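> Sharing a structure with you now.
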Amino acid sequence: MDVPLGPEESFPVGRFRVVGVAGREIGIARLPGGGIRAVRNTCPHRGAPVCQGTLGGTMLPSPRGVLDYGLEGAVLRCPWHGWEFDLESGRALFGTASKHLVTYPAAVRDGMVMVTIRDGGAS
Ligand code: FES
């Protein structure tokens with residue numbers, strides 16, 4: 001089901017605003033580089049309110065002796081233990097962690113932020 005959440009301007013750029021949707025806490029953020037993302041406000045590591053974390057970038061895989069920073073504005077860092085998550089896929093970006101953020105399709109239609117929630121699902 002598509003749920004209207006409010007005018008685009010009511011959601012900040014570069015940080016999350018958390019709203020209640022169908023019994024879930026979902027954070028919505030407009031990305032500095034454009035686009036909008038929606039994630040459940042629960043870290044898959046230990047359950048932190050992950051949307052209180054920071055949006056930024058991360059160090060990318062690179063050859064020895066090269067420091068390559070990228071994905072600026074597309075990585076969410078959890079406020080409790082610093083795990084980083086790719087906002088596009090929800091996947092954890094380091095180590096062997098296979099845990100993912102729960103993400104939701106989000107879009108702006110006619111100036112209104114919409115998020116898509118699966119009916120009756122756990123997510
Ligand atoms: S609870 Fe998020 S990294 Fe530990």
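Chain identifiers are assigned as A, B, and so on, following the order in which chains appear in the structure tokens; residues are numbered from 1 within each chain, and ligands are numbered from 1 in order of appearance.
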For ligand 1, list the contacting residues at 7 Å or closer, counting only C-alpha atoms and all ligand atoms, as number ranges by chain.
A: 43-48, 50, 78-83
> When you look at Val113 in chain A with a cut-off of 9 Å (counting only C-alpha atoms), what residues show up, excluding the ones that are within fewer than 6 positions of it in the same chain? I need them as a list in words.
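In the requested format, the answer is Val3, Pro4, Leu5, Gly6, Pro7, Glu8, Phe11, Ile28, Ile36, Ala106 and Ala107 of chain A.
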> Using only C-alpha atoms, determine which residues lie at most 12 Å from Arg17 in chain A, disregarding the query and same-chain residues fewer than 5 positions distant; provide the list as a ChimeraX atom specification.
/A:5-6,8-12,25-30,36-41,49-53
> Between A:Asp2, A:Phe85, A:Arg91, A:Ala22, which is the closest to Pro105 in chain A once you count only C-alpha atoms?
A:Asp2
> Tell me, which residues of range 8-47 of chain A carry DSSP strand (DSSP E or B), written as an NGL selection string?
:A and (13 or 17-21 or 24-30 or 36-40)
> Among the residues of chain A, find those DSSP assigns to helix (DSSP H, G or I) from the backbone and print them as an MDAnalysis selection string.
chainID A and resid 8:10 50:52
> Just checking: using only C-alpha atoms, which residue out of A:Leu93, A:Leu87, A:Leu31, A:Val19 ends up closest to Thr58 in chain A?
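Once distances to Thr58 in chain A are computed over only C-alpha atoms, the minimum belongs to A:Leu93.
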> Do a neighbour search on Gly90 in chain A at 9 Å with only C-alpha atoms, toss out local chain neighbours closer than 2 positions, and write the hits as a count of residues only.
11
